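Here is the file run_12.csv (CSV, C-alpha atoms).
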```
chain,number,residue,atom,x,y,z
E,224,MET,CA,4.9,-57.7,-94.3
E,225,LYS,CA,1.9,-56.3,-96.2
E,226,LYS,CA,-0.1,-56.3,-92.9
E,227,VAL,CA,2.7,-54.5,-91.1
E,228,ILE,CA,2.9,-51.8,-93.8
E,229,THR,CA,-0.9,-51.4,-93.8
E,230,LEU,CA,-1.0,-51.1,-90.0
E,231,ALA,CA,1.9,-48.6,-90.1
E,232,LEU,CA,0.1,-46.5,-92.7
E,233,ALA,CA,-3.1,-46.6,-90.7
E,234,LEU,CA,-1.3,-45.5,-87.6
E,235,ALA,CA,0.4,-42.7,-89.5
E,236,ALA,CA,-2.9,-41.5,-90.9
E,237,SER,CA,-4.5,-41.6,-87.5
E,238,SER,CA,-1.6,-39.6,-86.0
E,239,ALA,CA,-1.8,-37.0,-88.8
E,240,LEU,CA,-5.6,-36.7,-88.3
E,241,ALA,CA,-5.0,-36.1,-84.6
E,242,GLN,CA,-2.4,-33.4,-85.3
E,243,ASP,CA,-4.9,-31.7,-87.6
E,244,THR,CA,-7.7,-31.7,-85.0
E,245,VAL,CA,-8.3,-29.7,-81.9
E,246,LYS,CA,-10.7,-31.6,-79.6
E,247,ILE,CA,-13.0,-29.6,-77.3
E,248,GLY,CA,-15.1,-31.2,-74.5
E,249,VAL,CA,-18.3,-29.3,-73.7
E,250,ILE,CA,-20.1,-30.0,-70.5
E,251,LEU,CA,-23.6,-28.5,-70.4
E,252,PRO,CA,-27.0,-29.7,-68.9
E,253,VAL,CA,-29.1,-31.8,-71.3
E,254,SER,CA,-31.5,-32.9,-68.5
E,255,GLY,CA,-32.6,-31.5,-65.2
E,256,VAL,CA,-33.6,-28.0,-63.9
E,257,TYR,CA,-31.1,-26.2,-66.1
E,258,ALA,CA,-31.6,-28.2,-69.3
E,259,GLN,CA,-32.9,-25.1,-71.2
E,260,LEU,CA,-29.8,-23.1,-70.2
E,261,GLY,CA,-27.6,-25.9,-71.5
E,262,GLU,CA,-29.5,-26.1,-74.8
E,263,GLU,CA,-29.3,-22.4,-75.4
E,264,GLY,CA,-25.6,-22.4,-74.6
E,265,TRP,CA,-25.0,-25.2,-77.0
E,266,LYS,CA,-26.9,-23.4,-79.8
E,267,GLY,CA,-24.8,-20.4,-79.3
E,268,PHE,CA,-21.6,-22.3,-79.1
E,269,THR,CA,-22.2,-24.4,-82.2
E,270,LEU,CA,-23.6,-21.4,-84.1
E,271,TYR,CA,-20.3,-19.6,-83.8
E,272,MET,CA,-18.2,-22.7,-84.6
E,273,ASP,CA,-20.4,-23.2,-87.7
E,274,SER,CA,-19.8,-19.6,-88.7
E,275,ILE,CA,-16.1,-20.3,-89.0
E,276,GLY,CA,-16.5,-23.7,-90.7
E,277,ASN,CA,-15.4,-25.5,-87.5
E,278,LYS,CA,-11.8,-24.7,-88.5
E,279,VAL,CA,-9.2,-22.5,-86.8
E,280,ALA,CA,-5.6,-22.0,-88.1
E,281,GLY,CA,-6.0,-24.9,-90.5
E,282,LYS,CA,-7.1,-27.2,-87.7
E,283,THR,CA,-10.5,-28.9,-87.5
E,284,ILE,CA,-12.5,-28.3,-84.4
E,285,GLN,CA,-14.0,-31.6,-83.0
E,286,VAL,CA,-16.5,-31.1,-80.1
E,287,VAL,CA,-17.5,-33.9,-77.7
E,288,ARG,CA,-20.6,-33.0,-75.6
E,289,GLU,CA,-21.5,-34.4,-72.2
E,290,ASP,CA,-24.5,-33.8,-69.9
E,291,GLU,CA,-23.8,-31.9,-66.7
E,292,GLU,CA,-27.3,-32.9,-65.4
E,293,ALA,CA,-27.1,-30.0,-62.9
E,294,ASP,CA,-25.1,-32.2,-60.6
E,295,ALA,CA,-21.5,-31.5,-59.6
E,296,GLY,CA,-20.7,-35.2,-59.1
E,297,VAL,CA,-21.8,-35.9,-62.6
E,298,ALA,CA,-19.9,-33.0,-64.0
E,299,LEU,CA,-16.7,-34.2,-62.4
E,300,ARG,CA,-17.2,-37.7,-63.7
E,301,LYS,CA,-17.8,-36.3,-67.2
E,302,ALA,CA,-14.8,-34.1,-67.1
E,303,ASN,CA,-12.5,-37.0,-66.1
E,304,LYS,CA,-13.9,-39.0,-68.9
E,305,LEU,CA,-13.3,-36.2,-71.4
E,306,ILE,CA,-9.8,-35.7,-70.2
E,307,SER,CA,-8.7,-39.3,-69.8
E,308,SER,CA,-10.6,-41.2,-72.4
E,309,ASP,CA,-11.4,-38.6,-75.1
E,310,LYS,CA,-8.1,-36.7,-74.7
E,311,VAL,CA,-9.7,-33.3,-75.2
E,312,ASP,CA,-7.4,-30.3,-75.6
E,313,LEU,CA,-9.7,-27.8,-73.9
E,314,LEU,CA,-12.9,-28.0,-71.8
E,315,ALA,CA,-15.8,-25.5,-72.0
E,316,GLY,CA,-19.3,-25.1,-70.5
E,317,VAL,CA,-20.5,-25.7,-66.9
E,318,VAL,CA,-23.7,-24.1,-65.6
E,319,LEU,CA,-23.6,-24.8,-61.8
E,320,THR,CA,-21.1,-23.1,-59.5
E,321,PRO,CA,-20.5,-26.4,-57.5
E,322,SER,CA,-19.6,-28.1,-60.8
E,323,ALA,CA,-17.0,-25.4,-61.6
E,324,TYR,CA,-15.6,-25.7,-58.1
E,325,ALA,CA,-15.3,-29.4,-58.5
E,326,LEU,CA,-13.6,-29.2,-61.9
E,327,ALA,CA,-11.1,-26.4,-61.1
E,328,PRO,CA,-8.4,-28.6,-59.4
E,329,VAL,CA,-8.9,-31.4,-61.9
E,330,VAL,CA,-8.2,-29.2,-64.9
E,331,GLU,CA,-5.2,-27.7,-63.2
E,332,LYS,CA,-3.7,-31.1,-62.5
E,333,ALA,CA,-4.4,-32.3,-66.0
E,334,LYS,CA,-3.3,-29.0,-67.6
E,335,VAL,CA,-6.4,-28.7,-69.7
E,336,PRO,CA,-7.8,-25.2,-69.8
E,337,LEU,CA,-11.5,-24.7,-68.8
E,338,ILE,CA,-13.5,-21.9,-70.3
E,339,VAL,CA,-16.5,-21.5,-68.0
E,340,PHE,CA,-19.7,-20.6,-69.8
E,341,ASN,CA,-22.0,-19.8,-66.9
E,342,ALA,CA,-21.1,-20.7,-63.3
E,343,ALA,CA,-20.8,-17.4,-61.5
E,344,GLY,CA,-19.7,-18.2,-57.9
E,345,ASN,CA,-17.3,-15.5,-56.8
E,346,ASP,CA,-14.6,-17.8,-55.4
E,347,LEU,CA,-14.0,-19.6,-58.7
E,348,THR,CA,-11.8,-16.6,-59.7
E,349,ARG,CA,-10.9,-15.5,-56.2
E,350,SER,CA,-9.8,-18.0,-53.5
E,351,ARG,CA,-10.1,-21.0,-55.9
E,352,LYS,CA,-8.6,-19.4,-58.9
E,353,ASN,CA,-5.9,-21.2,-60.9
E,354,PRO,CA,-4.2,-20.5,-64.2
E,355,TYR,CA,-6.3,-23.1,-66.1
E,356,VAL,CA,-9.7,-21.6,-65.3
E,357,PHE,CA,-11.2,-18.7,-67.3
E,358,ARG,CA,-14.8,-17.3,-67.0
E,359,VAL,CA,-16.8,-15.8,-69.8
E,360,SER,CA,-20.1,-15.2,-68.0
E,361,GLY,CA,-19.0,-13.0,-65.1
E,362,ASN,CA,-19.4,-13.5,-61.3
E,363,ALA,CA,-22.0,-12.8,-58.7
E,364,TRP,CA,-20.6,-9.5,-57.6
E,365,GLN,CA,-20.7,-8.1,-61.2
E,366,TYR,CA,-24.3,-9.2,-61.7
E,367,ASN,CA,-25.7,-8.1,-58.4
E,368,ASN,CA,-23.7,-5.3,-56.7
E,369,PRO,CA,-24.0,-2.6,-59.4
E,370,PHE,CA,-27.7,-3.4,-59.8
E,371,GLY,CA,-28.3,-3.2,-56.1
E,372,LYS,CA,-27.3,0.5,-56.1
E,373,TYR,CA,-29.4,1.2,-59.1
E,374,VAL,CA,-32.5,-0.5,-57.6
E,375,ALA,CA,-32.2,1.6,-54.4
E,376,GLN,CA,-31.8,4.8,-56.3
E,377,LYS,CA,-34.3,4.3,-59.1
E,378,VAL,CA,-36.7,1.5,-58.3
E,379,SER,CA,-37.5,0.8,-54.7
E,380,LYS,CA,-36.5,1.6,-51.1
E,381,ASN,CA,-38.3,-1.4,-49.7
E,382,THR,CA,-37.4,-4.7,-51.4
E,383,PHE,CA,-38.1,-8.4,-50.6
E,384,LEU,CA,-35.2,-10.7,-51.4
E,385,VAL,CA,-35.5,-14.3,-52.8
E,386,ALA,CA,-32.8,-16.7,-54.0
E,387,ALA,CA,-32.0,-20.3,-54.6
E,388,ASP,CA,-30.6,-22.0,-51.5
E,389,TYR,CA,-27.1,-22.7,-52.6
E,390,ALA,CA,-23.7,-20.8,-52.6
E,391,PHE,CA,-24.4,-18.7,-55.7
E,392,GLY,CA,-27.9,-17.6,-54.6
E,393,LYS,CA,-26.6,-16.6,-51.1
E,394,GLU,CA,-23.6,-14.7,-52.3
E,395,SER,CA,-25.7,-13.0,-55.0
E,396,ILE,CA,-28.1,-11.7,-52.4
E,397,ALA,CA,-25.1,-10.6,-50.2
E,398,ASP,CA,-23.6,-8.7,-53.1
E,399,PHE,CA,-26.9,-7.1,-54.0
E,400,LYS,CA,-27.8,-6.2,-50.4
E,401,ALA,CA,-24.4,-4.6,-49.7
E,402,ALA,CA,-24.9,-2.0,-52.4
E,403,TYR,CA,-28.6,-1.7,-52.0
E,404,THR,CA,-28.6,-1.0,-48.3
E,405,LYS,CA,-25.5,1.3,-48.6
E,406,ALA,CA,-27.6,3.4,-51.1
E,407,GLY,CA,-30.5,3.7,-48.6
E,408,GLY,CA,-32.6,0.6,-49.5
E,409,LYS,CA,-34.3,-1.4,-46.8
E,410,VAL,CA,-34.9,-5.2,-46.9
E,411,ALA,CA,-38.6,-6.2,-46.4
E,412,GLY,CA,-37.8,-9.9,-46.1
E,413,GLU,CA,-35.3,-12.5,-47.2
E,414,VAL,CA,-36.0,-16.2,-48.1
E,415,TYR,CA,-34.0,-19.0,-49.8
E,416,THR,CA,-35.8,-21.7,-51.9
E,417,PRO,CA,-34.7,-25.3,-52.8
E,418,LEU,CA,-33.3,-25.9,-56.3
E,419,GLY,CA,-36.0,-27.6,-58.4
E,420,SER,CA,-38.9,-26.2,-56.4
E,421,ASN,CA,-42.3,-27.3,-57.6
E,422,ASP,CA,-44.4,-24.7,-55.7
E,423,PHE,CA,-43.6,-21.2,-54.6
E,424,SER,CA,-47.0,-20.4,-53.1
E,425,ALA,CA,-45.8,-20.2,-49.5
E,426,TYR,CA,-43.1,-17.7,-50.5
E,427,MET,CA,-45.7,-15.7,-52.5
E,428,ALA,CA,-47.8,-15.5,-49.3
E,429,ARG,CA,-44.8,-14.2,-47.4
E,430,ILE,CA,-44.1,-11.6,-50.0
E,431,ALA,CA,-47.7,-10.4,-50.0
E,432,ALA,CA,-47.7,-10.1,-46.2
E,433,ALA,CA,-44.5,-8.0,-46.2
E,434,LYS,CA,-46.0,-5.5,-48.7
E,435,PRO,CA,-42.7,-4.6,-50.4
E,436,GLU,CA,-42.4,-2.1,-53.2
E,437,ALA,CA,-40.3,-4.6,-55.2
E,438,VAL,CA,-38.9,-8.1,-55.3
E,439,TYR,CA,-35.4,-9.0,-56.1
E,440,ALA,CA,-35.1,-12.7,-57.0
E,441,VAL,CA,-32.1,-14.8,-58.0
E,442,LEU,CA,-33.4,-17.9,-59.7
E,443,SER,CA,-32.9,-19.6,-63.0
E,444,GLY,CA,-34.0,-22.5,-65.2
E,445,SER,CA,-37.4,-24.0,-64.4
E,446,ASP,CA,-37.3,-22.3,-60.9
E,447,ALA,CA,-37.3,-18.9,-62.6
E,448,VAL,CA,-40.2,-19.8,-64.9
E,449,LEU,CA,-42.4,-21.2,-62.1
E,450,PHE,CA,-41.7,-18.3,-59.7
E,451,MET,CA,-42.7,-15.7,-62.3
E,452,LYS,CA,-45.8,-17.6,-63.2
E,453,GLN,CA,-47.0,-17.9,-59.6
E,454,PHE,CA,-46.0,-14.3,-59.0
E,455,ALA,CA,-48.6,-13.4,-61.7
E,456,GLN,CA,-51.1,-15.9,-60.5
E,457,PHE,CA,-51.1,-14.4,-57.0
E,458,GLY,CA,-51.6,-11.0,-58.6
E,459,LEU,CA,-48.5,-9.6,-57.1
E,460,GLN,CA,-47.4,-7.9,-60.3
E,461,LYS,CA,-50.2,-5.4,-59.7
E,462,SER,CA,-48.6,-3.9,-56.7
E,463,VAL,CA,-45.0,-5.2,-56.5
E,464,LYS,CA,-42.3,-4.4,-59.0
E,465,LEU,CA,-40.0,-7.1,-60.4
E,466,ALA,CA,-36.4,-6.2,-60.4
E,467,VAL,CA,-34.5,-9.5,-60.7
E,468,PHE,CA,-31.3,-11.3,-61.4
E,469,GLY,CA,-30.8,-11.0,-65.2
E,470,ASP,CA,-30.8,-14.7,-66.0
E,471,MET,CA,-34.5,-14.8,-64.7
E,472,THR,CA,-35.7,-12.8,-67.6
E,473,ASP,CA,-33.9,-14.7,-70.3
E,474,GLU,CA,-36.0,-14.5,-73.5
E,475,LYS,CA,-36.8,-18.2,-73.3
E,476,PHE,CA,-38.0,-17.9,-69.8
E,477,ILE,CA,-40.2,-14.9,-70.2
E,478,GLY,CA,-41.6,-16.4,-73.4
E,479,ALA,CA,-42.8,-19.4,-71.3
E,480,VAL,CA,-44.3,-17.1,-68.6
E,481,GLY,CA,-46.1,-14.5,-70.8
E,482,ASP,CA,-47.0,-10.9,-70.8
E,483,SER,CA,-47.1,-10.6,-67.0
E,484,THR,CA,-43.3,-10.2,-67.2
E,485,VAL,CA,-43.6,-6.9,-69.2
E,486,GLY,CA,-41.9,-4.1,-67.3
E,487,ALA,CA,-39.6,-6.4,-65.3
E,488,LEU,CA,-36.1,-5.0,-64.7
E,489,SER,CA,-32.8,-6.8,-64.6
E,490,ALA,CA,-29.1,-6.3,-65.2
E,491,LEU,CA,-26.8,-8.3,-67.4
E,492,PRO,CA,-23.8,-7.8,-69.7
E,493,TRP,CA,-26.0,-8.2,-72.8
E,494,ALA,CA,-29.3,-7.1,-74.2
E,495,GLN,CA,-30.9,-8.1,-77.4
E,496,ASN,CA,-31.2,-4.6,-78.8
E,497,LEU,CA,-27.5,-3.5,-78.2
E,498,ALA,CA,-26.6,-1.3,-81.2
E,499,ASN,CA,-23.2,-2.8,-82.3
E,500,ALA,CA,-22.3,-4.7,-85.4
E,501,GLU,CA,-21.3,-7.9,-83.6
E,502,ASN,CA,-24.6,-8.1,-81.8
E,503,ARG,CA,-26.6,-7.5,-85.0
E,504,LYS,CA,-24.5,-10.3,-86.6
E,505,PHE,CA,-25.2,-12.7,-83.7
E,506,VAL,CA,-28.9,-12.0,-83.5
E,507,ALA,CA,-29.3,-12.3,-87.3
E,508,ALA,CA,-27.4,-15.6,-87.4
E,509,TYR,CA,-29.4,-17.1,-84.5
E,510,THR,CA,-32.7,-16.0,-85.9
E,511,LYS,CA,-31.9,-17.3,-89.3
E,512,LYS,CA,-30.8,-20.8,-88.1
E,513,TYR,CA,-33.3,-21.3,-85.2
E,514,LYS,CA,-36.3,-19.2,-86.4
E,515,ASP,CA,-36.4,-17.6,-83.0
E,516,LEU,CA,-34.8,-14.7,-81.0
E,517,PRO,CA,-31.7,-15.5,-78.9
E,518,GLY,CA,-31.3,-15.1,-75.1
E,519,VAL,CA,-28.3,-14.4,-72.9
E,520,PHE,CA,-27.3,-18.1,-72.7
E,521,ALA,CA,-27.0,-18.3,-76.4
E,522,GLU,CA,-24.8,-15.2,-76.3
E,523,ARG,CA,-22.6,-16.8,-73.7
E,524,GLY,CA,-22.2,-19.9,-75.8
E,525,TRP,CA,-21.3,-17.8,-78.8
E,526,VAL,CA,-18.7,-15.9,-76.8
E,527,THR,CA,-17.3,-19.0,-75.2
E,528,ALA,CA,-16.7,-20.5,-78.7
E,529,ARG,CA,-15.0,-17.3,-79.9
E,530,VAL,CA,-12.7,-17.1,-77.0
E,531,ILE,CA,-11.4,-20.6,-77.9
E,532,ALA,CA,-11.1,-19.7,-81.6
E,533,GLU,CA,-9.3,-16.4,-81.0
E,534,ALA,CA,-6.8,-18.1,-78.6
E,535,LEU,CA,-6.1,-20.9,-81.2
E,536,LYS,CA,-5.5,-18.3,-83.9
E,537,LYS,CA,-2.7,-16.9,-81.7
E,538,THR,CA,-1.1,-20.3,-81.1
E,539,GLY,CA,-1.5,-21.4,-84.7
E,540,GLY,CA,-3.9,-24.1,-83.6
E,541,LYS,CA,-1.3,-25.7,-81.2
E,542,THR,CA,-2.3,-26.8,-77.7
E,543,ASP,CA,0.8,-28.7,-76.5
E,544,ASP,CA,2.7,-25.6,-75.3
E,545,LYS,CA,0.5,-24.9,-72.2
E,546,ALA,CA,2.1,-21.6,-71.2
E,547,ALA,CA,1.6,-20.3,-74.7
E,548,LEU,CA,-2.0,-21.5,-74.8
E,549,LEU,CA,-2.9,-20.0,-71.4
E,550,ALA,CA,-1.3,-16.7,-72.4
E,551,ALA,CA,-3.3,-16.7,-75.7
E,552,ILE,CA,-6.6,-17.3,-73.8
E,553,ARG,CA,-5.7,-14.7,-71.2
E,554,GLY,CA,-5.0,-12.1,-73.9
E,555,VAL,CA,-8.0,-12.4,-76.1
E,556,ASN,CA,-9.6,-9.1,-77.1
E,557,PHE,CA,-12.4,-8.9,-79.6
E,558,PRO,CA,-15.8,-7.3,-80.4
E,559,ALA,CA,-18.6,-9.4,-78.9
E,560,PRO,CA,-22.3,-9.0,-78.9
E,561,ARG,CA,-22.1,-7.5,-75.4
E,562,GLY,CA,-19.3,-5.1,-76.4
E,563,VAL,CA,-15.5,-5.5,-76.2
E,564,PHE,CA,-14.6,-8.8,-74.7
E,565,ARG,CA,-11.4,-9.2,-72.5
E,566,PHE,CA,-10.3,-11.0,-69.4
E,567,ASP,CA,-8.9,-9.4,-66.2
E,568,ALA,CA,-5.3,-10.7,-66.3
E,569,VAL,CA,-5.2,-11.1,-62.6
E,570,THR,CA,-8.5,-13.1,-62.0
E,571,GLN,CA,-9.1,-14.5,-65.5
E,572,ASN,CA,-12.7,-13.4,-65.0
E,573,VAL,CA,-14.2,-11.3,-67.8
E,574,ILE,CA,-14.4,-7.5,-67.5
E,575,ASN,CA,-18.1,-7.0,-68.1
E,576,PRO,CA,-20.3,-4.1,-69.2
E,577,MET,CA,-23.5,-4.1,-67.2
E,578,TYR,CA,-26.8,-3.0,-68.7
E,579,VAL,CA,-30.1,-2.4,-67.0
E,580,ARG,CA,-32.7,-4.1,-69.2
E,581,GLN,CA,-36.5,-4.0,-69.2
E,582,VAL,CA,-38.9,-6.6,-70.6
E,583,VAL,CA,-40.9,-5.2,-73.5
E,584,LYS,CA,-43.1,-6.7,-76.1
E,585,GLY,CA,-42.1,-6.3,-79.7
E,586,PRO,CA,-43.2,-7.7,-83.1
E,587,GLY,CA,-41.2,-10.9,-82.5
E,588,GLY,CA,-42.4,-11.4,-78.9
E,589,LEU,CA,-41.1,-10.5,-75.5
E,590,TYR,CA,-37.5,-9.4,-75.1
E,591,ASN,CA,-35.1,-7.4,-72.9
E,592,LYS,CA,-34.5,-3.9,-74.1
E,593,GLN,CA,-31.5,-1.9,-72.8
E,594,VAL,CA,-32.5,1.0,-70.5
E,595,VAL,CA,-29.1,2.2,-69.4
E,596,LYS,CA,-25.4,1.1,-69.2
E,597,LEU,CA,-24.2,1.1,-65.6
E,598,GLY,CA,-20.5,0.9,-66.7
E,599,ASP,CA,-17.8,-1.6,-67.2
E,600,PHE,CA,-16.9,-3.7,-64.2
E,601,ARG,CA,-14.1,-6.0,-63.2
E,602,ASP,CA,-14.5,-8.2,-60.1
E,603,PRO,CA,-12.8,-6.2,-57.2
E,604,GLY,CA,-12.1,-9.4,-55.3
E,605,LYS,CA,-8.7,-11.1,-55.7
```
Take the structure in this file and express it as structure tokens.
Amino acid sequence: MKKVITLALALAASSALAQDTVKIGVILPVSGVYAQLGEEGWKGFTLYMDSIGNKVAGKTIQVVREDEEADAGVALRKANKLISSDKVDLLAGVVLTPSAYALAPVVEKAKVPLIVFNAAGNDLTRSRKNPYVFRVSGNAWQYNNPFGKYVAQKVSKNTFLVAADYAFGKESIADFKAAYTKAGGKVAGEVYTPLGSNDFSAYMARIAAAKPEAVYAVLSGSDAVLFMKQFAQFGLQKSVKLAVFGDMTDEKFIGAVGDSTVGALSALPWAQNLANAENRKFVAAYTKKYKDLPGVFAERGWVTARVIAEALKKTGGKTDDKAALLAAIRGVNFPAPRGVFRFDAVTQNVINPMYVRQVVKGPGGLYNKQVVKLGDFRDPGK
């Protein structure tokens, strides 16, 4: 009888603990070409959760982290494990667009909301959209189309285009090119490079031969770092302007490349010197904890965590009523480092401000300084 009572008490305690905990599965790269993106996203995510004591509405936030490995098959396996074995209430993270595409039908079937941290393929919140997928980062159109018009009007009428050879790279170039050519720009050349490239010298030769006024490149992770290093090694920065996809000039990447990146232009929803209280709070908290300046991936991690926290505040920490939980996520509205954060209720993609930024060198090292705000953009695709 004593053993039965003890077991019953243990089960009751376990049940009470589960009821007082919200479990979040985070899938981000720890290894592979995008490991640095994953690490920065993780730093931002945990930094925000630490700032609220890892508690929301009286519930303890428990985070289970898995390695995406920049592989959609791996991401899918990890998501199934988090849903089936770990019994997570929400999923967050995901860097690669193919990973997000693979996870979308899985989370819908399992009724586990997914807050996408990075994957920016357009179709995720267009033809593949479902009520359980939300995106914090933005999509290819938002990152590339408004900047394409700006580059044609302010930077170059003759631009060479480079992108990673996968869906996001190709649709990014398509979105950039549509606005760029409409505004009078001409394409000097267009190439696509394999993910995880270890040498861009052949592409540098093609750029040099084309004699463009500028290069627009869509690369990230170690590919971005190597491309910019070799761009400088070939001496191209002396005659060709860099106007690139914003992730390429993340503070961690340009720090690894060096002063040859000074002057590079890009566009993103965030810049380190944005003059708002939430951005100052974020930059100060990151700098204090990590003794370094944050980049955009840390900002995305911070915002991803806050989306979850704000939604849980609305539900009182409850996740069992799926309709209420989805409505709470869809309706979040709060001051973020990038500006006011809110989702488009139709696509569940973020409505993003877009800033043109330029790499400058300050007392703390290289960083992206805001040049001009292009406006606030929602994805026009449905």
Please provide the set of residues having any atom within 6 Å of Tyr590 (chain E), restricted to only C-alpha atoms, with same-chain residues fewer than 4 positions apart removed, written as an mmCIF file with C-alpha atoms, in the frame of the given file.
```cif
data_model
loop_
_atom_site.group_PDB
_atom_site.id
_atom_site.type_symbol
_atom_site.label_atom_id
_atom_site.label_comp_id
_atom_site.auth_asym_id
_atom_site.auth_seq_id
_atom_site.Cartn_x
_atom_site.Cartn_y
_atom_site.Cartn_z
ATOM 1 C CA GLU E 474 -36.000 -14.500 -73.500
ATOM 2 C CA VAL E 582 -38.900 -6.600 -70.600
ATOM 3 C CA VAL E 583 -40.900 -5.200 -73.500
#
```
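Distances to Asp290 (chain E) were evaluated for E:Ala559, E:Met577, E:Leu251, E:Val441 using all atoms listed in the file, and the minimum falls at E:Leu251.
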So that each row is one residue of region 489-589 of chain E with an atom at most 9 Å from region 318-337 of chain E, can you give its shortest atom pair and the distance in Å to one decimal, using only C-alpha atoms, rows by chain and rising number, as CSV?
```
residue,atom,partner,partner_atom,distance
E:Lys545,CA,E:Lys334,CA,7.2
E:Leu548,CA,E:Pro336,CA,8.5
E:Leu549,CA,E:Pro336,CA,7.3
E:Ile552,CA,E:Pro336,CA,8.9
```
Applying 10 Å and only C-alpha atoms, which residues near region 265-276 of chain E remain after dropping the ones on its own chain fewer than 6 positions away? List them as a CSV table (one decimal) with C-alpha atoms, in the frame of the given file.
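The resulting selection-v3.csv:
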```
chain,number,residue,atom,x,y,z
E,249,VAL,CA,-18.3,-29.3,-73.7
E,250,ILE,CA,-20.1,-30.0,-70.5
E,251,LEU,CA,-23.6,-28.5,-70.4
E,252,PRO,CA,-27.0,-29.7,-68.9
E,253,VAL,CA,-29.1,-31.8,-71.3
E,259,GLN,CA,-32.9,-25.1,-71.2
E,283,THR,CA,-10.5,-28.9,-87.5
E,284,ILE,CA,-12.5,-28.3,-84.4
E,285,GLN,CA,-14.0,-31.6,-83.0
E,286,VAL,CA,-16.5,-31.1,-80.1
E,288,ARG,CA,-20.6,-33.0,-75.6
E,315,ALA,CA,-15.8,-25.5,-72.0
E,316,GLY,CA,-19.3,-25.1,-70.5
E,340,PHE,CA,-19.7,-20.6,-69.8
E,505,PHE,CA,-25.2,-12.7,-83.7
E,508,ALA,CA,-27.4,-15.6,-87.4
E,509,TYR,CA,-29.4,-17.1,-84.5
E,512,LYS,CA,-30.8,-20.8,-88.1
E,513,TYR,CA,-33.3,-21.3,-85.2
E,517,PRO,CA,-31.7,-15.5,-78.9
E,518,GLY,CA,-31.3,-15.1,-75.1
E,519,VAL,CA,-28.3,-14.4,-72.9
E,520,PHE,CA,-27.3,-18.1,-72.7
E,521,ALA,CA,-27.0,-18.3,-76.4
E,522,GLU,CA,-24.8,-15.2,-76.3
E,523,ARG,CA,-22.6,-16.8,-73.7
E,524,GLY,CA,-22.2,-19.9,-75.8
E,525,TRP,CA,-21.3,-17.8,-78.8
E,526,VAL,CA,-18.7,-15.9,-76.8
E,527,THR,CA,-17.3,-19.0,-75.2
E,528,ALA,CA,-16.7,-20.5,-78.7
E,529,ARG,CA,-15.0,-17.3,-79.9
E,531,ILE,CA,-11.4,-20.6,-77.9
E,532,ALA,CA,-11.1,-19.7,-81.6
```
Counting all atoms listed in the file, which residues come within 10 Å of (-35.8, -30.9, -56.7), with the point read in the file's coordinates, and could you list them as JSON, numbers by chain? {"E": [255, 256, 417, 418, 419, 420, 421, 446]}
Please identify all polymer residues within 12 Å of Lys541 (chain E), counting only C-alpha atoms, omitting same-chain residues fewer than 3 positions from it, and present them as a list in words. Ala241, Gln242, Asp243, Thr244, Val245, Lys246, Val279, Ala280, Gly281, Lys282, Thr283, Ile284, Asp312, Leu313, Ile531, Ala532, Ala534, Leu535, Lys536, Lys537, Thr538, Asp544, Lys545, Ala546, Ala547, Leu548, Leu549 and Ala551 of chain E
Restricting it to C-alpha atoms, dump the selection as a short mmCIF file (atom, residue, chain, number, x, y, z; two decimals), in the frame of the given file.
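This went into again12.cif:
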```cif
data_model
loop_
_atom_site.label_atom_id
_atom_site.label_comp_id
_atom_site.auth_asym_id
_atom_site.auth_seq_id
_atom_site.Cartn_x
_atom_site.Cartn_y
_atom_site.Cartn_z
CA ALA E 241 -5.00 -36.10 -84.60
CA GLN E 242 -2.40 -33.40 -85.30
CA ASP E 243 -4.90 -31.70 -87.60
CA THR E 244 -7.70 -31.70 -85.00
CA VAL E 245 -8.30 -29.70 -81.90
CA LYS E 246 -10.70 -31.60 -79.60
CA VAL E 279 -9.20 -22.50 -86.80
CA ALA E 280 -5.60 -22.00 -88.10
CA GLY E 281 -6.00 -24.90 -90.50
CA LYS E 282 -7.10 -27.20 -87.70
CA THR E 283 -10.50 -28.90 -87.50
CA ILE E 284 -12.50 -28.30 -84.40
CA ASP E 312 -7.40 -30.30 -75.60
CA LEU E 313 -9.70 -27.80 -73.90
CA ILE E 531 -11.40 -20.60 -77.90
CA ALA E 532 -11.10 -19.70 -81.60
CA ALA E 534 -6.80 -18.10 -78.60
CA LEU E 535 -6.10 -20.90 -81.20
CA LYS E 536 -5.50 -18.30 -83.90
CA LYS E 537 -2.70 -16.90 -81.70
CA THR E 538 -1.10 -20.30 -81.10
CA ASP E 544 2.70 -25.60 -75.30
CA LYS E 545 0.50 -24.90 -72.20
CA ALA E 546 2.10 -21.60 -71.20
CA ALA E 547 1.60 -20.30 -74.70
CA LEU E 548 -2.00 -21.50 -74.80
CA LEU E 549 -2.90 -20.00 -71.40
CA ALA E 551 -3.30 -16.70 -75.70
#
```
For CA of Arg580 (chain E) and CA of Ser443 (chain E), quote the distance in Å rounded to one decimal. 16.7 Å
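Nearest to Asp543 (chain E) of all the residues E:Val317, E:Ala433, E:Val311, E:Val563 is E:Val311, based on all atoms listed in the file.
Going from CA of Asp470 (chain E) to CA of Phe454 (chain E) covers 16.7 Å.
The closest residue to Met471 (chain E), picked from E:Ala490, E:Val594, E:Val287, E:Leu459 and counting all atoms listed in the file, is E:Ala490.
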Report, in Å with one decimal, the straight-line distance from CA of Gly562 (chain E) to CA of Gln593 (chain E). 13.1 Å
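The shortest atom-to-atom distance to Asp346 (chain E), with all atoms listed in the file taken into account, belongs to E:Glu394 out of E:Asp388, E:Glu292, E:Glu436, E:Glu394.
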Among listed residues E:Val480, E:Tyr366, E:Ala402, E:Arg561, nearest Val506 (chain E) (using all atoms listed in the file): E:Arg561
